[in-house]
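Next up, work.cif (mmCIF, C-alpha atoms and all ligand atoms):
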data_final
loop_
_atom_site.label_atom_id
_atom_site.label_comp_id
_atom_site.auth_asym_id
_atom_site.auth_seq_id
_atom_site.Cartn_x
_atom_site.Cartn_y
_atom_site.Cartn_z
CA MET P 241 3.40 1.22 22.36
CA LYS P 242 0.50 3.46 21.30
CA ASN P 243 1.29 6.37 18.99
CA LEU P 244 -0.69 9.53 19.65
CA VAL P 245 -1.59 12.52 17.55
CA ILE P 246 -2.87 15.40 19.69
CA LEU P 247 -4.87 18.17 18.05
CA GLY P 248 -4.91 21.07 20.52
CA SER P 249 -1.84 19.96 22.52
CA THR P 250 -1.25 23.39 24.08
CA GLY P 251 -4.75 23.64 25.58
CA SER P 252 -6.32 22.43 28.80
CA ILE P 253 -7.12 18.90 27.57
CA GLY P 254 -3.96 18.67 25.44
CA THR P 255 -1.57 19.48 28.29
CA GLN P 256 -3.35 17.06 30.67
CA ALA P 257 -3.09 14.34 28.01
CA LEU P 258 0.67 14.98 27.86
CA GLU P 259 0.85 14.52 31.65
CA ILE P 260 -0.58 11.05 31.06
CA VAL P 261 2.12 10.46 28.43
CA ASP P 262 4.67 11.45 31.14
CA ALA P 263 3.18 8.91 33.57
CA TYR P 264 3.03 6.15 30.94
CA SER P 265 6.03 6.85 28.72
CA ASP P 266 6.52 3.07 28.42
CA ARG P 267 3.12 2.74 26.69
CA LEU P 268 2.44 6.05 24.94
CA GLN P 269 4.47 8.10 22.50
CA VAL P 270 3.71 11.23 20.58
CA SER P 271 3.76 11.11 16.76
CA ALA P 272 2.44 14.62 16.14
CA LEU P 273 1.21 17.70 17.98
CA ALA P 274 -0.96 20.56 16.71
CA ALA P 275 -2.07 23.93 18.05
CA GLY P 276 -3.32 27.29 16.83
CA SER P 277 -0.80 30.02 17.60
CA ASN P 278 0.92 29.38 20.95
CA VAL P 279 4.48 28.95 19.67
CA ASP P 280 6.15 29.19 23.09
CA ARG P 281 4.27 26.27 24.54
CA MET P 282 4.54 24.26 21.33
CA GLU P 283 8.30 24.72 21.26
CA GLU P 284 8.53 23.38 24.84
CA GLN P 285 6.37 20.40 23.91
CA VAL P 286 8.32 19.62 20.74
CA ARG P 287 11.62 19.70 22.67
CA LYS P 288 10.23 17.42 25.38
CA TYR P 289 8.23 14.86 23.35
CA LEU P 290 10.17 14.93 20.06
CA PRO P 291 7.22 14.27 17.73
CA GLY P 292 7.96 13.69 14.04
CA PHE P 293 5.49 16.46 13.11
CA ALA P 294 4.24 19.70 14.66
CA VAL P 295 1.47 21.82 13.19
CA MET P 296 0.63 25.45 13.92
CA TYR P 297 -2.66 26.41 12.31
CA GLU P 298 -1.50 29.99 11.80
CA GLU P 299 1.07 30.36 9.00
CA LYS P 300 3.18 32.93 10.83
CA ALA P 301 3.30 30.81 13.98
CA ALA P 302 4.37 27.80 11.91
CA GLY P 303 7.17 29.88 10.36
CA ASP P 304 8.34 30.98 13.84
CA LEU P 305 8.23 27.45 15.18
CA ALA P 306 10.21 26.07 12.22
CA VAL P 307 13.02 28.52 12.95
CA ARG P 308 13.00 27.78 16.70
CA VAL P 309 13.14 23.99 16.34
CA ALA P 310 15.45 23.88 13.31
CA ASP P 311 17.95 21.86 15.43
CA LEU P 312 15.43 19.01 15.86
CA PRO P 313 14.29 16.25 13.46
CA VAL P 314 10.71 17.57 13.34
CA THR P 315 8.68 18.57 10.29
CA VAL P 316 6.68 21.74 10.91
CA LEU P 317 3.42 22.15 8.97
CA ALA P 318 0.70 24.81 8.86
CA GLY P 319 -3.05 25.26 8.40
CA MET P 320 -5.85 22.83 7.75
CA GLU P 321 -3.61 20.90 5.35
CA GLY P 322 -1.15 20.30 8.17
CA LEU P 323 -3.90 19.07 10.49
CA GLN P 324 -5.25 16.73 7.83
CA GLN P 325 -1.78 15.40 7.09
CA ILE P 326 -0.83 14.46 10.65
CA VAL P 327 -4.08 12.65 11.46
CA SER P 328 -3.39 10.13 8.71
CA LEU P 329 0.25 9.36 9.55
CA PRO P 330 0.76 5.61 9.08
CA GLU P 331 2.35 5.19 12.53
CA ALA P 332 -0.51 6.92 14.41
CA ASP P 333 -2.92 4.72 16.40
CA VAL P 334 -5.12 7.26 18.22
CA VAL P 335 -6.01 10.85 17.42
CA LEU P 336 -7.01 12.97 20.43
CA THR P 337 -9.24 15.77 19.13
CA ALA P 338 -8.83 18.55 21.70
CA VAL P 339 -9.09 21.64 19.51
CA VAL P 340 -11.86 24.02 20.36
CA GLY P 341 -14.74 24.54 17.94
CA MET P 342 -15.92 23.36 14.53
CA ILE P 343 -12.39 23.60 13.16
CA GLY P 344 -12.13 19.97 14.33
CA ILE P 345 -14.60 18.60 11.78
CA LYS P 346 -12.32 18.12 8.76
CA PRO P 347 -9.33 16.58 10.59
CA THR P 348 -11.64 14.25 12.54
CA ILE P 349 -13.25 13.00 9.32
CA GLU P 350 -9.81 12.60 7.75
CA ALA P 351 -8.55 10.62 10.77
CA ILE P 352 -11.54 8.26 10.62
CA LYS P 353 -11.03 7.75 6.88
CA ALA P 354 -7.42 6.76 7.68
CA GLY P 355 -8.74 4.18 10.19
CA LYS P 356 -7.50 5.91 13.37
CA ASP P 357 -9.35 5.56 16.66
CA ILE P 358 -10.61 8.90 17.96
CA ALA P 359 -10.37 10.05 21.58
CA LEU P 360 -12.95 12.79 21.28
CA ALA P 361 -12.93 15.92 23.44
CA ASN P 362 -13.98 18.29 20.66
CA LYS P 363 -17.76 18.06 21.15
CA GLU P 364 -18.53 20.83 18.61
CA THR P 365 -17.50 18.42 15.85
CA LEU P 366 -19.97 15.74 16.86
CA VAL P 367 -22.79 18.22 17.48
CA THR P 368 -22.51 19.65 13.96
CA ALA P 369 -21.37 16.61 11.95
CA GLY P 370 -22.45 13.59 14.03
CA HIS P 371 -24.59 12.30 11.15
CA ILE P 372 -21.45 12.09 8.99
CA ILE P 373 -18.96 10.98 11.64
CA MET P 374 -20.85 8.18 13.39
CA PRO P 375 -21.73 6.16 10.24
CA LEU P 376 -18.24 6.75 8.82
CA ALA P 377 -16.64 5.46 12.02
CA LYS P 378 -18.85 2.37 11.87
CA GLU P 379 -17.97 1.77 8.22
CA LYS P 380 -14.23 2.09 8.94
CA GLY P 381 -14.36 0.03 12.16
CA VAL P 382 -13.02 2.97 14.15
CA SER P 383 -13.81 3.58 17.85
CA ILE P 384 -14.99 6.99 19.01
CA LEU P 385 -13.90 7.10 22.65
CA PRO P 386 -15.44 9.92 24.68
CA VAL P 387 -13.13 12.21 26.66
CA ASP P 388 -15.82 14.60 27.91
CA SER P 389 -16.27 13.59 31.57
CA GLU P 390 -20.05 13.05 31.37
CA HIS P 391 -19.79 10.94 28.23
CA SER P 392 -16.93 8.94 29.67
CA ALA P 393 -19.16 8.31 32.71
CA ILE P 394 -22.02 7.14 30.48
CA PHE P 395 -19.61 4.98 28.49
CA GLN P 396 -18.28 3.43 31.72
CA SER P 397 -21.82 2.98 33.08
CA LEU P 398 -22.77 1.13 29.90
CA ASN P 399 -19.75 -1.15 30.11
CA GLY P 400 -20.80 -4.66 29.17
CA GLU P 401 -24.50 -3.83 28.61
CA PRO P 402 -26.04 -3.42 25.16
CA GLU P 403 -27.32 0.12 24.52
CA LYS P 404 -30.79 -1.18 23.80
CA ARG P 405 -31.26 -1.95 27.51
CA MET P 406 -30.74 1.73 28.32
CA LYS P 407 -33.93 3.63 29.15
CA LYS P 408 -32.41 7.04 29.64
CA ILE P 409 -29.28 9.02 30.27
CA LEU P 410 -29.03 11.23 33.34
CA LEU P 411 -26.52 13.86 32.27
CA THR P 412 -25.17 15.70 35.29
CA ALA P 413 -24.32 19.42 35.29
CA SER P 414 -22.58 21.50 37.96
CA GLY P 415 -24.79 24.47 37.09
CA GLY P 416 -21.70 26.67 36.66
CA PRO P 417 -20.84 29.87 38.54
CA PHE P 418 -24.33 31.38 38.19
CA ARG P 419 -26.41 28.44 39.40
CA GLY P 420 -29.55 29.54 41.24
CA MET P 421 -29.50 33.06 39.78
CA LYS P 422 -32.29 34.63 37.71
CA ARG P 423 -32.06 36.69 34.53
CA GLU P 424 -32.05 40.07 36.34
CA GLU P 425 -28.98 38.96 38.32
CA LEU P 426 -27.16 37.87 35.16
CA LEU P 427 -27.61 41.12 33.21
CA TYR P 428 -24.26 42.67 34.13
CA LYS P 429 -22.11 39.60 34.77
CA THR P 430 -18.56 40.25 33.64
CA VAL P 431 -16.18 38.01 31.67
CA LYS P 432 -14.13 37.53 34.85
CA GLU P 433 -17.18 36.35 36.81
CA ALA P 434 -18.26 34.03 34.01
CA LEU P 435 -14.76 32.51 33.84
CA ASN P 436 -14.81 31.67 37.54
CA HIS P 437 -16.06 28.05 37.39
CA PRO P 438 -16.65 26.48 40.83
CA ASN P 439 -15.39 22.94 40.09
CA TRP P 440 -13.48 22.65 36.81
CA SER P 441 -10.43 24.39 35.37
CA MET P 442 -10.83 24.45 31.56
CA GLY P 443 -10.22 26.54 28.43
CA LYS P 444 -12.02 29.89 28.17
CA LYS P 445 -14.65 28.95 25.59
CA ILE P 446 -15.97 25.89 27.42
CA THR P 447 -15.88 27.80 30.72
CA ILE P 448 -18.20 30.45 29.29
CA ASP P 449 -20.33 27.66 27.81
CA SER P 450 -20.62 26.19 31.31
CA ALA P 451 -21.79 29.54 32.73
CA THR P 452 -24.53 29.82 30.07
CA MET P 453 -25.29 26.06 30.27
CA VAL P 454 -24.81 25.95 26.49
CA ASN P 455 -22.09 23.42 27.27
CA LYS P 456 -24.72 21.10 28.74
CA GLY P 457 -26.84 21.64 25.64
CA LEU P 458 -23.92 20.68 23.40
CA GLU P 459 -23.37 17.65 25.63
CA VAL P 460 -27.01 16.56 25.27
CA MET P 461 -26.48 16.43 21.49
CA GLU P 462 -23.05 14.82 21.90
CA ALA P 463 -24.65 12.09 24.05
CA GLY P 464 -27.37 11.66 21.44
CA TRP P 465 -24.80 10.81 18.77
CA LEU P 466 -22.47 8.74 20.93
CA PHE P 467 -25.14 6.57 22.55
CA HIS P 468 -27.92 6.66 19.92
CA ALA P 469 -30.29 8.42 22.32
CA LYS P 470 -33.28 10.60 21.43
CA PRO P 471 -33.74 14.05 23.03
CA GLU P 472 -36.48 12.74 25.35
CA GLN P 473 -34.12 10.01 26.60
CA ILE P 474 -31.59 12.52 27.92
CA GLN P 475 -32.35 14.30 31.17
CA VAL P 476 -30.09 17.00 32.57
CA VAL P 477 -29.67 16.79 36.34
CA VAL P 478 -27.97 19.66 38.15
CA HIS P 479 -25.54 18.23 40.69
CA PRO P 480 -23.39 21.05 42.08
CA GLN P 481 -20.65 18.90 43.65
CA SER P 482 -19.58 17.33 40.28
CA ILE P 483 -18.92 13.94 41.91
CA ILE P 484 -21.35 11.87 39.87
CA HIS P 485 -20.18 12.46 36.30
CA SER P 486 -23.38 11.04 34.75
CA MET P 487 -25.68 8.02 35.01
CA VAL P 488 -27.55 5.50 32.90
CA GLU P 489 -31.01 4.28 33.84
CA TYR P 490 -31.76 0.80 32.52
CA MET P 491 -35.09 -0.65 31.42
CA ASP P 492 -35.56 -2.39 34.80
CA GLY P 493 -35.04 0.87 36.72
CA ALA P 494 -31.46 0.12 37.80
CA VAL P 495 -29.22 3.19 37.66
CA MET P 496 -25.47 2.91 37.02
CA ALA P 497 -23.24 5.89 37.69
CA GLN P 498 -19.55 6.74 37.54
CA LEU P 499 -18.22 8.83 40.39
CA GLY P 500 -14.89 10.57 40.87
CA LEU P 501 -13.28 13.85 41.80
CA PRO P 502 -13.67 16.54 39.13
CA ASP P 503 -10.41 15.95 37.25
CA MET P 504 -10.23 15.46 33.47
CA LYS P 505 -7.18 13.22 33.68
CA LEU P 506 -9.30 10.19 34.51
CA PRO P 507 -11.58 10.37 31.45
CA ILE P 508 -8.62 11.25 29.19
CA GLN P 509 -6.62 8.27 30.49
CA TYR P 510 -9.62 5.95 30.23
CA ALA P 511 -10.09 6.92 26.56
CA LEU P 512 -6.39 6.52 25.74
CA PHE P 513 -6.11 3.01 27.22
CA TYR P 514 -9.63 1.64 26.67
CA PRO P 515 -10.51 -1.23 27.20
CA ASP P 516 -7.74 -1.30 29.83
CA ARG P 517 -8.09 0.54 33.13
CA LEU P 518 -4.71 1.59 34.52
CA PRO P 519 -3.64 3.00 37.89
CA MET P 520 -3.65 6.75 38.42
CA GLU P 521 -1.92 8.86 41.06
CA MET P 522 -4.95 10.67 42.41
CA PRO P 523 -6.71 10.88 45.77
CA GLY P 524 -10.02 9.02 45.92
CA ILE P 525 -13.31 10.52 47.06
CA ASP P 526 -13.52 10.97 50.83
CA PHE P 527 -17.23 10.28 51.31
CA PHE P 528 -17.18 11.29 54.98
CA LYS P 529 -15.71 14.71 54.14
CA LEU P 530 -18.12 15.06 51.24
CA GLY P 531 -21.08 14.39 53.56
CA GLN P 532 -23.80 14.73 50.96
CA ILE P 533 -24.45 15.14 47.28
CA THR P 534 -27.47 17.04 45.98
CA PHE P 535 -29.60 17.31 42.85
CA GLU P 536 -31.74 20.05 41.26
CA GLU P 537 -33.83 20.53 38.15
CA PRO P 538 -32.18 22.77 35.53
CA ASP P 539 -33.70 26.26 35.20
CA MET P 540 -34.25 26.49 31.44
CA GLU P 541 -36.16 29.78 31.70
CA THR P 542 -33.01 31.51 32.96
CA PHE P 543 -30.47 29.40 31.11
CA THR P 544 -32.29 29.51 27.78
CA GLY P 545 -29.21 28.16 25.98
CA LEU P 546 -30.07 24.71 27.32
CA LYS P 547 -33.67 24.97 26.14
CA LEU P 548 -32.50 26.09 22.67
CA ALA P 549 -30.12 23.12 22.50
CA TYR P 550 -33.03 20.69 22.95
CA GLU P 551 -34.93 22.58 20.22
CA ALA P 552 -31.92 22.39 17.88
CA PHE P 553 -31.50 18.67 18.64
CA LYS P 554 -35.20 18.00 17.90
CA ALA P 555 -35.11 20.07 14.68
CA GLY P 556 -31.99 18.16 13.56
CA GLY P 557 -30.32 18.62 10.14
CA SER P 558 -28.37 21.88 10.04
CA MET P 559 -30.00 23.39 13.17
CA PRO P 560 -27.38 22.05 15.63
CA THR P 561 -24.75 23.72 13.41
CA VAL P 562 -26.58 27.03 13.76
CA PHE P 563 -26.84 26.54 17.53
CA ASN P 564 -23.14 25.78 17.77
CA ALA P 565 -21.80 28.34 15.28
CA ALA P 566 -23.93 31.15 16.76
CA ASN P 567 -22.61 30.22 20.18
CA GLU P 568 -18.97 30.17 19.01
CA LYS P 569 -19.39 33.63 17.50
CA ALA P 570 -21.32 35.03 20.48
CA VAL P 571 -18.82 33.68 23.01
CA SER P 572 -15.92 35.28 21.16
CA MET P 573 -17.88 38.59 21.12
CA PHE P 574 -18.57 38.27 24.86
CA LEU P 575 -14.90 37.52 25.61
CA ALA P 576 -13.96 40.59 23.54
CA GLY P 577 -16.31 42.76 25.63
CA LYS P 578 -18.65 43.47 22.68
CA ILE P 579 -21.87 41.95 24.09
CA ARG P 580 -23.36 41.15 27.48
CA PHE P 581 -23.68 37.74 29.11
CA LEU P 582 -27.38 37.23 28.38
CA ASP P 583 -26.88 38.28 24.75
CA ILE P 584 -25.09 34.97 24.08
CA ALA P 585 -28.22 32.82 24.31
CA ASP P 586 -30.37 35.58 22.76
CA ILE P 587 -28.10 35.64 19.69
CA ILE P 588 -28.29 31.84 19.38
CA GLY P 589 -32.10 32.09 19.50
CA LYS P 590 -32.20 34.80 16.81
CA ALA P 591 -29.93 32.84 14.47
CA MET P 592 -32.03 29.69 14.95
CA ASP P 593 -35.27 31.63 14.25
CA ALA P 594 -33.81 32.97 10.99
CA HIS P 595 -32.58 29.60 9.72
CA GLY P 596 -34.42 27.18 7.43
CA VAL P 597 -33.30 23.64 8.30
CA ILE P 598 -31.31 21.70 5.70
CA GLU P 599 -31.92 17.98 6.18
CA ASN P 600 -28.89 15.72 6.34
CA PRO P 601 -26.39 18.48 5.43
CA SER P 602 -23.17 17.61 3.61
CA LEU P 603 -19.83 18.77 5.03
CA GLU P 604 -19.91 21.65 2.57
CA GLN P 605 -23.43 22.66 3.68
CA ILE P 606 -22.36 22.52 7.34
CA LEU P 607 -19.49 24.90 6.63
CA GLU P 608 -21.76 27.16 4.52
CA THR P 609 -24.26 27.23 7.40
CA GLU P 610 -21.44 28.24 9.75
CA SER P 611 -20.48 31.14 7.42
CA TRP P 612 -24.14 32.17 7.01
CA CYS P 613 -24.49 32.22 10.77
CA TYR P 614 -21.41 34.40 11.27
CA GLU P 615 -22.60 36.89 8.61
CA PHE P 616 -26.11 36.94 10.07
CA ILE P 617 -24.78 37.78 13.54
CA GLU P 618 -22.37 40.42 12.24
CA SER P 619 -25.05 42.19 10.22
CA ARG P 620 -28.13 41.71 12.42
CA CYS P 621 -27.16 41.32 16.06
P1 LIG J 1 -8.34 25.30 25.21
O1 LIG J 1 -8.81 26.63 24.74
O2 LIG J 1 -7.66 25.19 26.51
O3 LIG J 1 -7.36 24.68 24.10
C1 LIG J 1 -7.69 24.67 22.74
C2 LIG J 1 -6.57 24.05 21.95
O4 LIG J 1 -6.93 24.09 20.56
C3 LIG J 1 -5.25 24.82 22.08
O5 LIG J 1 -4.20 23.91 21.98
C4 LIG J 1 -5.28 25.72 20.86
O6 LIG J 1 -4.01 26.18 20.42
C5 LIG J 1 -5.88 24.77 19.85
N1 LIG J 1 -6.45 25.42 18.68
C6 LIG J 1 -7.29 26.48 18.64
N2 LIG J 1 -7.57 26.80 17.37
C7 LIG J 1 -6.89 25.91 16.60
C8 LIG J 1 -6.77 25.72 15.21
N3 LIG J 1 -7.41 26.50 14.34
N4 LIG J 1 -6.01 24.70 14.77
C9 LIG J 1 -5.34 23.90 15.63
N5 LIG J 1 -5.41 24.03 16.96
C10 LIG J 1 -6.18 25.04 17.43
O7 LIG J 1 -9.61 24.34 25.12
P2 LIG J 1 -9.96 23.06 26.01
O8 LIG J 1 -8.77 22.17 26.12
O9 LIG J 1 -10.63 23.52 27.24
O10 LIG J 1 -11.08 22.37 25.12
C11 LIG J 1 -10.79 21.65 23.93
C12 LIG J 1 -12.02 20.86 23.53
O11 LIG J 1 -12.31 19.90 24.53
C13 LIG J 1 -13.29 21.72 23.38
O12 LIG J 1 -14.07 21.21 22.35
C14 LIG J 1 -13.98 21.53 24.72
O13 LIG J 1 -15.40 21.67 24.61
C15 LIG J 1 -13.63 20.08 25.02
N6 LIG J 1 -13.64 19.74 26.44
C16 LIG J 1 -12.81 20.37 27.32
C17 LIG J 1 -12.81 20.07 28.67
C18 LIG J 1 -11.84 20.70 29.61
O14 LIG J 1 -11.79 20.30 30.78
N7 LIG J 1 -11.04 21.64 29.21
C19 LIG J 1 -13.78 19.10 29.21
C20 LIG J 1 -14.59 18.46 28.21
C21 LIG J 1 -14.52 18.78 26.89
P3 LIG J 1 -3.38 27.59 20.95
O15 LIG J 1 -3.01 27.33 22.37
O16 LIG J 1 -2.22 27.77 20.08
O17 LIG J 1 -4.47 28.60 20.79
MG MG J 2 -18.35 17.84 30.10
#
As structure tokens, please, write out the structure in this file.
Ligand code: NDP
Ligand code: MG
Amino acid sequence: MKNLVILGSTGSIGTQALEIVDAYSDRLQVSALAAGSNVDRMEEQVRKYLPGFAVMYEEKAAGDLAVRVADLPVTVLAGMEGLQQIVSLPEADVVLTAVVGMIGIKPTIEAIKAGKDIALANKETLVTAGHIIMPLAKEKGVSILPVDSEHSAIFQSLNGEPEKRMKKILLTASGGPFRGMKREELLYKTVKEALNHPNWSMGKKITIDSATMVNKGLEVMEAGWLFHAKPEQIQVVVHPQSIIHSMVEYMDGAVMAQLGLPDMKLPIQYALFYPDRLPMEMPGIDFFKLGQITFEEPDMETFTGLKLAYEAFKAGGSMPTVFNAANEKAVSMFLAGKIRFLDIADIIGKAMDAHGVIENPSLEQILETESWCYEFIESRC
């Protein structure tokens, strides 16, 4: 029996992970669940999975939950302290990090320190603190198992081969809802249009990131940390059908790819049971119906967020934190109707221009950079 802690259990990844727990209740059980403020969904989950602990990040939500589940043997905790406490529970084997944003950094570090394997969906954590997390995981003998579909595909394509034989990573991208459009066409795109992803159903923040292609930029950096690849070894390939989830080109020119329908359950399940591969109730690809799959070069002049991500990756140090924090802030402003679609990448660019890189930033410096970035955007953009 594997004991799971799920950070972000009420979200898109979290709820799909719990569907895998339903399918494999003989192998998986839930030790703790955590979310931000969605008390209704958390109450349902606590009643169904009976975890020993439940955390609501927001104090008031935690208070509400405690009253609602007072009839159950569950300890309700709040805030960052609660998150840090549940990731180090002695009975926990794997921590699934499926919160959205840099809020995941501290609990992920705490989980690694406690020797827990990490099933990592929360890419923002690796982008901003990869230089702390990867060596710490190595020191503690902890596995970082990718949940992001592209990184799971790379991980599966590397199965059994040493990384040093890898020449490059071909990171596939659907291109999002605005693929093929130019800047003039993107000027007045609404939140509703940006949330209308052609292939994937996901949380709001990552869906906007997919429309700007910032998501692909974050994934380039995520791949860099997970597979020890340099920026020039990672090539983004637009593949609108989202059937090839990513590929690895080896030193002899052989290319390995992982294919599947666009459904996050497969990469989540693969991470939870690795190195096992277990059956899954899902239709396979019908290649005759599919007919063809196509590829395009990414348009970095329109989707400047992707170009900026490569620049942040090359600059290193605290620059990926600025890229990520500026994006988190800009996306929340866009979702609130305060800025326009193209402003998101423009704001990231302005914040990066104004920042002096700190080499090898400590956790404290990463969080200070995040605060600096938020203040900069509030006062200057
Ligand atoms: P959602 O917005 O659907 O869910 C986010 C989850 O995080 C919710 O459970 C939310 O709780 C919780 N949360 C938010 N803030 C806090 C907080 N301060 N403390 C604790 N929990 C918090 O996001 P997704 O599931 O789409 O994405 C999660 C992560 O996975 C992101 O990093 C994303 O980039 C990555 N990812 C997602 C994919 C997808 O298909 N969705 C694919 C690949 C990667 P509440 O409901 O209470 O707000
Ligand atoms: Mg992805």
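Compared by their closest atoms to ligand MG 2 (chain J), and using all atoms listed in the file, the residues P:Thr447, P:Gln285, P:Asn564, P:Ser249 rank with P:Thr447 nearest.
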Next on the checklist: Between P:Asp388, P:Glu568, P:Glu489, P:Glu283, which residue has the minimum interatomic distance to Leu305 (chain P), considering only C-alpha atoms?
Outcome noted: P:Glu283
Where does region 399-455 of chain P meet region 490-502 of chain P within 8 Å, residue by residue, with the nearest atom pair and distance in Å to one decimal for each, counting all atoms listed in the file, listed by chain and rising number, as a tab-separated table?
residue	atom	partner	partner_atom	distance
P:Arg405	CA	P:Met491	CA	5.6
P:Met406	CA	P:Tyr490	CA	4.4
P:Lys407	CA	P:Tyr490	CA	4.9
P:Lys408	CA	P:Tyr490	CA	6.9
P:Asn439	CA	P:Pro502	CA	6.7
P:Trp440	CA	P:Pro502	CA	6.5
Could you write out that same residue set with C-alpha atoms as a compact mmCIF listing (two decimals), in the frame of the given file?
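Result written to out-v3.txt:
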# COMPACT_ATOMS: atom_id res chain seq x y z
CA ARG P 405 -31.26 -1.95 27.51
CA MET P 406 -30.74 1.73 28.32
CA LYS P 407 -33.93 3.63 29.15
CA LYS P 408 -32.41 7.04 29.64
CA ASN P 439 -15.39 22.94 40.09
CA TRP P 440 -13.48 22.65 36.81
Item to check | Neighbour list for Lys554 (chain P) as a ChimeraX atom specification, cut-off 12 Å, only C-alpha atoms, skip fewer than 6 positions in-chain | outcome: /P:457,460-461,464,469-474,547-548,560,563,597
Next on the checklist: If we count only C-alpha atoms and set the cut-off at 12 Å, which residues sit around Arg281 (chain P), ignoring sequence neighbours fewer than 6 positions away in its own chain? Please answer as a PyMOL selection string.
Outcome noted: chain P and resi 248-251+254-255+273-275+287-288+294+296+301+305+308
Next on the checklist: Can you pull out the residues contacting Leu466 (chain P)? Cut-off 10 Å, using only C-alpha atoms, and skip same-chain residues under 6 positions away; I want them as a ChimeraX atom specification.
Outcome noted: /P:366,370,374,384-386,391,394-395
Emit the selected residues as a PDB file, in the frame of the given file, including C-alpha atoms.
ATOM      1  CA  LEU P 366     -19.970  15.740  16.860  1.00  0.00           C
ATOM      2  CA  GLY P 370     -22.450  13.590  14.030  1.00  0.00           C
ATOM      3  CA  MET P 374     -20.850   8.180  13.390  1.00  0.00           C
ATOM      4  CA  ILE P 384     -14.990   6.990  19.010  1.00  0.00           C
ATOM      5  CA  LEU P 385     -13.900   7.100  22.650  1.00  0.00           C
ATOM      6  CA  PRO P 386     -15.440   9.920  24.680  1.00  0.00           C
ATOM      7  CA  HIS P 391     -19.790  10.940  28.230  1.00  0.00           C
ATOM      8  CA  ILE P 394     -22.020   7.140  30.480  1.00  0.00           C
ATOM      9  CA  PHE P 395     -19.610   4.980  28.490  1.00  0.00           C
TER      10      PHE P 395
END
Cut-off 7 Å: closest chain P/ligand LIG 1 (chain J) atom pairs per residue, using only C-alpha atoms and all ligand atoms, as a Markdown table:
| residue | atom | partner | partner_atom | distance |
| --- | --- | --- | --- | --- |
| P:Leu247 | CA | J:LIG1 | N5 | 6.0 |
| P:Gly248 | CA | J:LIG1 | O5 | 3.3 |
| P:Ser249 | CA | J:LIG1 | O5 | 4.6 |
| P:Thr250 | CA | J:LIG1 | O5 | 3.7 |
| P:Gly251 | CA | J:LIG1 | O3 | 3.2 |
| P:Ser252 | CA | J:LIG1 | O8 | 3.6 |
| P:Ile253 | CA | J:LIG1 | O8 | 3.9 |
| P:Gly254 | CA | J:LIG1 | O8 | 6.0 |
| P:Ala274 | CA | J:LIG1 | C9 | 5.6 |
| P:Ala275 | CA | J:LIG1 | N5 | 3.5 |
| P:Gly276 | CA | J:LIG1 | O16 | 3.5 |
| P:Ser277 | CA | J:LIG1 | O16 | 3.6 |
| P:Asn278 | CA | J:LIG1 | O16 | 3.6 |
| P:Val279 | CA | J:LIG1 | O16 | 6.8 |
| P:Met296 | CA | J:LIG1 | C9 | 6.4 |
| P:Tyr297 | CA | J:LIG1 | N4 | 4.5 |
| P:Ala338 | CA | J:LIG1 | C11 | 4.3 |
| P:Val339 | CA | J:LIG1 | O4 | 3.4 |
| P:Val340 | CA | J:LIG1 | C13 | 4.1 |
| P:Gly341 | CA | J:LIG1 | O12 | 5.6 |
| P:Ile343 | CA | J:LIG1 | N3 | 5.9 |
| P:Ala361 | CA | J:LIG1 | O11 | 4.2 |
| P:Asn362 | CA | J:LIG1 | O12 | 3.4 |
| P:Lys363 | CA | J:LIG1 | O12 | 5.0 |
| P:Glu364 | CA | J:LIG1 | O12 | 5.8 |
| P:Val387 | CA | J:LIG1 | C20 | 6.6 |
| P:Asp388 | CA | J:LIG1 | C20 | 4.1 |
| P:Ser389 | CA | J:LIG1 | C20 | 6.2 |
| P:Trp440 | CA | J:LIG1 | O14 | 6.7 |
| P:Ser441 | CA | J:LIG1 | O14 | 6.3 |
| P:Met442 | CA | J:LIG1 | N7 | 3.7 |
| P:Gly443 | CA | J:LIG1 | O9 | 3.3 |
| P:Lys444 | CA | J:LIG1 | O1 | 5.7 |
| P:Lys445 | CA | J:LIG1 | O1 | 6.3 |
| P:Ile446 | CA | J:LIG1 | O13 | 5.1 |
| P:Met504 | CA | J:LIG1 | O14 | 5.8 |
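Closest approach to ligand MG 2 (chain J) from the set P:Glu331, P:Glu321, P:Asp449, P:Glu259 is made by P:Asp449, with distances taken over only C-alpha atoms and all ligand atoms.
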Checklist outcome for this item: Computed gap from CA of Glu350 (chain P) to CA of Tyr514 (chain P) is 21.9 Å
As a compact mmCIF listing (two decimals) with C-alpha atoms, keeping the file's coordinate frame, please: the residues near Met453 (chain P) (cut-off 8 Å, all atoms listed in the file, same-chain neighbours under 5 positions excluded).
# COMPACT_ATOMS: atom_id res chain seq x y z
CA GLY P 415 -24.79 24.47 37.09
CA GLY P 416 -21.70 26.67 36.66
CA PHE P 543 -30.47 29.40 31.11
CA GLY P 545 -29.21 28.16 25.98
CA LEU P 546 -30.07 24.71 27.32
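Checking P:Leu411, P:Leu426, P:Ala549, P:Val382 one by one against Met487 (chain P), counting all atoms listed in the file, you find the shortest gap at P:Leu411.
Nearest residue to ligand MG 2 (chain J) among P:Leu518, P:Val367, P:Leu258, P:Ala393 is P:Ala393, counting only C-alpha atoms and all ligand atoms.
Taking CA of Leu458 (chain P) and CA of Ala552 (chain P) as endpoints, the distance between them is 9.9 Å.
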Checklist outcome for this item: Min atom-atom distance to ligand MG 2 (chain J) from the set P:Gln475, P:Gln325, P:Ser482, P:Gln269, counting only C-alpha atoms and all ligand atoms, belongs to P:Ser482
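Here CA of Arg419 (chain P) stands at a distance of 22.9 Å from CA of Ala566 (chain P).
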